[in-house]
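What follows is one structure encoded as structure tokens, with my remarks underneath.
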Amino acid sequence: MHIYSKEIELKIKEYKKTTKAIFSLVEKYDKVAIFTHLSPDFDAFGSQFGLGVYLRDHYPEKDIKIIGQSLPLYNGELYPEMDEVKDEWFNDDFLAIIVDTATLDRVSDNRYEKANHLIKIDHHPNVDPYGDICFVDVTSVAVAEMIAVMLLADGRTISKDVASYLFSGIVGDSGRFKYASTTSLTFGIAEILTSLGIDLNYIYNRLYIQNLDDLRCIGYILNNFKITKNGFAYYVMDEATLQELNITAERAKENVNVFADIRGIKVWAAITERTDTNEWRVSIRSAGIPINEFAQKWRGGGHVQASGASLLNREEIDVFVKEMDEYIG
Ligand code: AMP
């Protein structure tokens with residue numbers, strides 16, 4: 001019997017009933033598939049592998065698949081490879097668990113649609129309350145934090161690997177314990193995970209590793225960014241620039257936080273061309289002004305201080321920038 005802080009005990013109590021319901025559903029199925037959103041981030045991977053590997057540890061007879069887009073810098077390094085799953089697998093009965101994904105159109109693999117039961121585990125505003133079990137805690141900094149509490153509520157052994165995955169998700173979505181949604185509970189959970197023997201140096205080295213091309217990308221950003229009168233800083237990278245820099249749009253937008261902590265910049269964004277989806281993806285970050293509702297008006301959404309949006313052409317970029325400047329003015 002572990003003794004946790006009062007705060008953690010209360011959170012465990014709050015999650016107990018839903019955790020039980022989730023594990024009861026897991027126990028009914030021989031096959032479980034865990035999905036997440038397009039353009040996965042550390043919380044997506046950390047939650048998927050944290051929960052998935054825990055289930056594999058405790059239900060070795062079940063077939064647990066962890067499904068989604070892979071990122072070469074992380075899969076095979078900090079996380080295992082994603083499972084390649086043939087369509088036939090989904091013809092049998094299975095349970096789908098979707099983590100860190102507010103709306104079903106953002107799930108990176110639509111084969112969840114064939115599931116007999118669906119579970120949502122998320123911390124974004126619940127704009128699309130899907131799932132037979134819809135477990136959403138907007139107060140949680142990361143879905144990995146929610147899953148950590150769920151596993152504590154479940155009470156079985158949490159392996160060092162599971163702890164590492166969950167810790168990485170918490171670090172990722174809290175911006176290394178910095179964003180406003182980081183709470184004393186976050187530190188309490190991090191302490192518990194750390195005490196399970198995880199290698200902090202190993203995790204941080206792999207989470208924040210960059211290539212020389214990233215450095216050149218930062219050079220481009222510093223030379224080409226724009227800032228509006230009221231403090232909206234942004235950079236635009238079209239396909240030709242991305243190719244010239246030898247960098248993917250996904251990586252290019254990861255550098256958006258070069259503008260964090262700069263006096264005079266209230267909101268900042270990366271605008272990157274996506275030729276595959278024929279759009280300009282906007283990654284928006286804020287020092288305080290809420291940006292999620294603004295993002296919703298531009299085919300997006302997200303968190304109060306970190307949201308995404310989608311623009312159709314260059315003309316829309318100009319309108320977006322102008323309206324953002326007026327909004328924050
Ligand atoms: P990103 O800028 O892509 O790193 O996304 C930041 C946050 O906004 C993440 O929590 C995403 O889940 C969310 N987000 C990004 N794009 C969208 C979108 N089109 N619709 C809803 N939420 C989004």
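In the structure tokens, the first chain shown is A, the next is B, and so on; residue numbers restart at 1 for each chain, and ligands run from 1 in the order shown.
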
Query raised in the report: So which bits of segment 231-295 of chain A end up alpha helix (DSSP H) when you DSSP the backbone, as an MDAnalysis selection string?
Result: chainID A and resid 239:245 249:254 292:295

Just N, CA, C and O atoms for this one: save the residues we selected as a tab-separated table (two decimals), in the first residue's frame.
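Saved to part.tsv:
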chain	number	residue	atom	x	y	z
A	239	GLU	N	6.54	25.35	-49.41
A	239	GLU	CA	7.14	24.06	-49.75
A	239	GLU	C	8.58	24.22	-50.27
A	239	GLU	O	9.47	23.46	-49.89
A	240	ALA	N	8.79	25.24	-51.10
A	240	ALA	CA	10.13	25.43	-51.68
A	240	ALA	C	11.15	25.70	-50.57
A	240	ALA	O	12.27	25.16	-50.58
A	241	THR	N	10.77	26.52	-49.60
A	241	THR	CA	11.69	26.84	-48.49
A	241	THR	C	11.97	25.59	-47.67
A	241	THR	O	13.12	25.32	-47.26
A	242	LEU	N	10.92	24.81	-47.41
A	242	LEU	CA	11.10	23.59	-46.62
A	242	LEU	C	12.09	22.65	-47.32
A	242	LEU	O	12.98	22.08	-46.68
A	243	GLN	N	11.93	22.56	-48.62
A	243	GLN	CA	12.84	21.68	-49.38
A	243	GLN	C	14.26	22.21	-49.35
A	243	GLN	O	15.21	21.45	-49.16
A	244	GLU	N	14.38	23.50	-49.51
A	244	GLU	CA	15.71	24.13	-49.48
A	244	GLU	C	16.40	23.88	-48.14
A	244	GLU	O	17.59	23.62	-48.06
A	245	LEU	N	15.60	23.94	-47.08
A	245	LEU	CA	16.16	23.73	-45.74
A	245	LEU	C	16.27	22.24	-45.39
A	245	LEU	O	16.77	21.89	-44.31
A	249	ALA	N	7.65	19.91	-42.74
A	249	ALA	CA	6.81	20.96	-42.16
A	249	ALA	C	6.60	20.70	-40.67
A	249	ALA	O	6.56	21.63	-39.85
A	250	GLU	N	6.51	19.42	-40.31
A	250	GLU	CA	6.33	19.04	-38.91
A	250	GLU	C	7.48	19.55	-38.03
A	250	GLU	O	7.28	20.07	-36.94
A	251	ARG	N	8.71	19.35	-38.52
A	251	ARG	CA	9.88	19.80	-37.77
A	251	ARG	C	9.93	21.32	-37.75
A	251	ARG	O	10.26	21.94	-36.74
A	252	ALA	N	9.61	21.91	-38.91
A	252	ALA	CA	9.72	23.37	-39.04
A	252	ALA	C	8.83	24.08	-38.02
A	252	ALA	O	9.21	25.09	-37.44
A	253	LYS	N	7.65	23.52	-37.79
A	253	LYS	CA	6.75	24.19	-36.84
A	253	LYS	C	7.18	23.98	-35.38
A	253	LYS	O	6.82	24.74	-34.50
A	254	GLU	N	7.97	22.94	-35.15
A	254	GLU	CA	8.44	22.69	-33.78
A	254	GLU	C	9.33	23.81	-33.25
A	254	GLU	O	9.54	23.94	-32.06
A	292	ASN	N	-7.49	29.68	-28.26
A	292	ASN	CA	-8.20	28.51	-28.82
A	292	ASN	C	-9.48	28.88	-29.56
A	292	ASN	O	-9.80	28.31	-30.59
A	293	GLU	N	-10.21	29.88	-29.04
A	293	GLU	CA	-11.46	30.25	-29.74
A	293	GLU	C	-11.15	30.96	-31.04
A	293	GLU	O	-11.85	30.78	-32.04
A	294	PHE	N	-10.08	31.73	-31.04
A	294	PHE	CA	-9.64	32.37	-32.29
A	294	PHE	C	-9.28	31.29	-33.32
A	294	PHE	O	-9.67	31.35	-34.48
A	295	ALA	N	-8.58	30.26	-32.84
A	295	ALA	CA	-8.17	29.16	-33.74
A	295	ALA	C	-9.38	28.41	-34.29
A	295	ALA	O	-9.39	28.00	-35.45

Query raised in the report: Can you list every residue in segment 17-156 of chain A that DSSP puts in strand (DSSP E), as a count of residues only?
Result: 24

Report task. All residues within 6 Å of ligand 1 are required, counting only C-alpha atoms and all ligand atoms; please report them as a PyMOL selection string. Result -> chain A and resi 283-284+299-303+306-309

Emit the selected residues as an mmCIF file, in the first residue's frame, including C-alpha atoms.
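The file below, out_10.cif, is the result:
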data_model
loop_
_atom_site.group_PDB
_atom_site.id
_atom_site.type_symbol
_atom_site.label_atom_id
_atom_site.label_comp_id
_atom_site.auth_asym_id
_atom_site.auth_seq_id
_atom_site.Cartn_x
_atom_site.Cartn_y
_atom_site.Cartn_z
ATOM 1 C CA SER A 283 0.766 26.426 -34.928
ATOM 2 C CA ILE A 284 -0.184 29.190 -32.544
ATOM 3 C CA ARG A 299 -10.690 25.486 -38.866
ATOM 4 C CA GLY A 300 -8.766 24.629 -35.734
ATOM 5 C CA GLY A 301 -8.773 24.600 -31.982
ATOM 6 C CA GLY A 302 -6.685 23.344 -29.107
ATOM 7 C CA HIS A 303 -5.589 24.707 -25.761
ATOM 8 C CA ALA A 306 -1.337 26.316 -27.715
ATOM 9 C CA SER A 307 -3.634 25.838 -30.661
ATOM 10 C CA GLY A 308 -3.585 24.846 -34.305
ATOM 11 C CA ALA A 309 -5.450 26.187 -37.319
#

**Report entry** Who sits within 12 Å of Ile209 of chain A, only C-alpha atoms, same chain under 2 positions skipped, as a ChimeraX atom specification
**Finding:** /A:72-74,77-78,201-207,211-215,251,254

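Atom CA of Val282 of chain A sits 9.3 Å away from atom CA of Ile317 of chain A.
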
Query raised in the report: Using only C-alpha atoms, which residues sit within 7 Å of Lys31 of chain A once same-chain residues fewer than 3 positions away are excluded, as a PyMOL selection string?
Result: chain A and resi 62-64+94-95

**Report entry** Pick from A:His2, A:Lys120, A:Lys226, A:Lys17, whichever lies nearest to Phe135 of chain A using only C-alpha atoms
**Finding:** A:Lys120

Report task. Between A:Thr18, A:Lys13, A:Ala269, A:Ala115, single out the one closest to Ile34 of chain A, counting only C-alpha atoms. Result -> A:Ala115

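With distances restricted to only C-alpha atoms, A:Ser286 is the closest residue to Ile262 of chain A from A:Thr277, A:Asn246, A:Asn126, A:Ser286.
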
Once you count only C-alpha atoms, what closest atom pair and distance in Å to one decimal does each residue of segment 21-67 of chain A within 10 Å of segment 149-170 of chain A have, with rows by chain and rising residue number, as CSV?
residue,atom,partner,partner_atom,distance
A:Ile22,CA,A:Met150,CA,9.5
A:Phe23,CA,A:Asp154,CA,8.3
A:Asp41,CA,A:Gly169,CA,8.1
A:Phe42,CA,A:Gly169,CA,4.8
A:Asp43,CA,A:Gly169,CA,3.7
A:Ala44,CA,A:Gly169,CA,7.0
A:Phe45,CA,A:Gly169,CA,7.0
A:Gly46,CA,A:Tyr165,CA,4.4
A:Ser47,CA,A:Leu166,CA,6.1
A:Gln48,CA,A:Tyr165,CA,8.5
A:Phe49,CA,A:Tyr165,CA,6.2
A:Gly50,CA,A:Val162,CA,4.6
A:Leu51,CA,A:Val162,CA,7.5
A:Gly52,CA,A:Val162,CA,8.6
A:Val53,CA,A:Val162,CA,6.3
A:Tyr54,CA,A:Val162,CA,6.3
A:Leu55,CA,A:Val162,CA,10.0
A:Asp57,CA,A:Ser159,CA,8.3
A:His58,CA,A:Arg156,CA,8.1

Only N, CA, C and O atoms, please: the residues just picked out, written as a CSV table (one decimal), in the first residue's frame.
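Below is the file that was written, selection-v4.csv:
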chain,number,residue,atom,x,y,z
A,22,ILE,N,-13.1,1.5,-17.6
A,22,ILE,CA,-12.2,1.4,-18.7
A,22,ILE,C,-11.6,0.0,-18.7
A,22,ILE,O,-11.6,-0.8,-19.7
A,23,PHE,N,-11.1,-0.4,-17.5
A,23,PHE,CA,-10.4,-1.8,-17.4
A,23,PHE,C,-11.4,-2.9,-17.6
A,23,PHE,O,-11.1,-3.9,-18.1
A,41,ASP,N,2.5,14.1,-31.0
A,41,ASP,CA,3.5,14.8,-30.2
A,41,ASP,C,3.9,13.9,-29.1
A,41,ASP,O,3.4,12.8,-29.0
A,42,PHE,N,4.7,14.4,-28.1
A,42,PHE,CA,5.1,13.6,-27.0
A,42,PHE,C,4.0,13.1,-26.2
A,42,PHE,O,4.1,12.0,-25.6
A,43,ASP,N,3.0,13.9,-26.0
A,43,ASP,CA,1.9,13.4,-25.1
A,43,ASP,C,1.1,12.3,-25.9
A,43,ASP,O,0.6,11.4,-25.2
A,44,ALA,N,1.0,12.4,-27.2
A,44,ALA,CA,0.3,11.4,-28.0
A,44,ALA,C,1.1,10.1,-27.8
A,44,ALA,O,0.5,9.0,-27.4
A,45,PHE,N,2.4,10.1,-28.1
A,45,PHE,CA,3.2,8.9,-28.0
A,45,PHE,C,3.3,8.4,-26.5
A,45,PHE,O,3.1,7.2,-26.3
A,46,GLY,N,3.5,9.3,-25.6
A,46,GLY,CA,3.7,8.9,-24.2
A,46,GLY,C,2.4,8.3,-23.7
A,46,GLY,O,2.5,7.3,-23.0
A,47,SER,N,1.3,8.8,-24.1
A,47,SER,CA,0.0,8.2,-23.6
A,47,SER,C,-0.3,6.9,-24.2
A,47,SER,O,-0.6,5.9,-23.6
A,48,GLN,N,0.0,6.8,-25.5
A,48,GLN,CA,-0.3,5.5,-26.3
A,48,GLN,C,0.6,4.4,-25.7
A,48,GLN,O,0.2,3.3,-25.4
A,49,PHE,N,1.9,4.7,-25.6
A,49,PHE,CA,2.8,3.7,-25.2
A,49,PHE,C,2.7,3.4,-23.7
A,49,PHE,O,2.9,2.3,-23.2
A,50,GLY,N,2.5,4.5,-22.9
A,50,GLY,CA,2.3,4.3,-21.5
A,50,GLY,C,1.1,3.3,-21.2
A,50,GLY,O,1.3,2.3,-20.5
A,51,LEU,N,0.0,3.6,-21.8
A,51,LEU,CA,-1.2,2.8,-21.6
A,51,LEU,C,-1.0,1.4,-22.3
A,51,LEU,O,-1.3,0.4,-21.7
A,52,GLY,N,-0.5,1.5,-23.5
A,52,GLY,CA,-0.4,0.2,-24.3
A,52,GLY,C,0.6,-0.8,-23.7
A,52,GLY,O,0.2,-2.0,-23.6
A,53,VAL,N,1.7,-0.3,-23.2
A,53,VAL,CA,2.7,-1.3,-22.7
A,53,VAL,C,2.2,-1.7,-21.3
A,53,VAL,O,2.5,-2.9,-21.0
A,54,TYR,N,1.6,-0.9,-20.6
A,54,TYR,CA,1.0,-1.3,-19.3
A,54,TYR,C,0.0,-2.5,-19.5
A,54,TYR,O,0.0,-3.5,-18.8
A,55,LEU,N,-0.9,-2.3,-20.6
A,55,LEU,CA,-1.8,-3.4,-20.9
A,55,LEU,C,-1.1,-4.6,-21.3
A,55,LEU,O,-1.5,-5.7,-20.9
A,57,ASP,N,1.8,-5.6,-20.4
A,57,ASP,CA,2.5,-6.2,-19.2
A,57,ASP,C,1.5,-7.0,-18.4
A,57,ASP,O,1.8,-8.0,-17.9
A,58,HIS,N,0.2,-6.5,-18.3
A,58,HIS,CA,-0.7,-7.1,-17.4
A,58,HIS,C,-1.7,-8.0,-18.0
A,58,HIS,O,-2.4,-8.7,-17.4

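Across A:Gln296, A:Thr183, A:Asn313, A:Gln210, the tightest approach to Thr275 of chain A is made by A:Asn313 when counting only C-alpha atoms.
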
Query raised in the report: Which value, in Å to one decimal, gives the distance between atom CA of Ala96 of chain A and atom CA of Ser310 of chain A?
Result: 27.5 Å
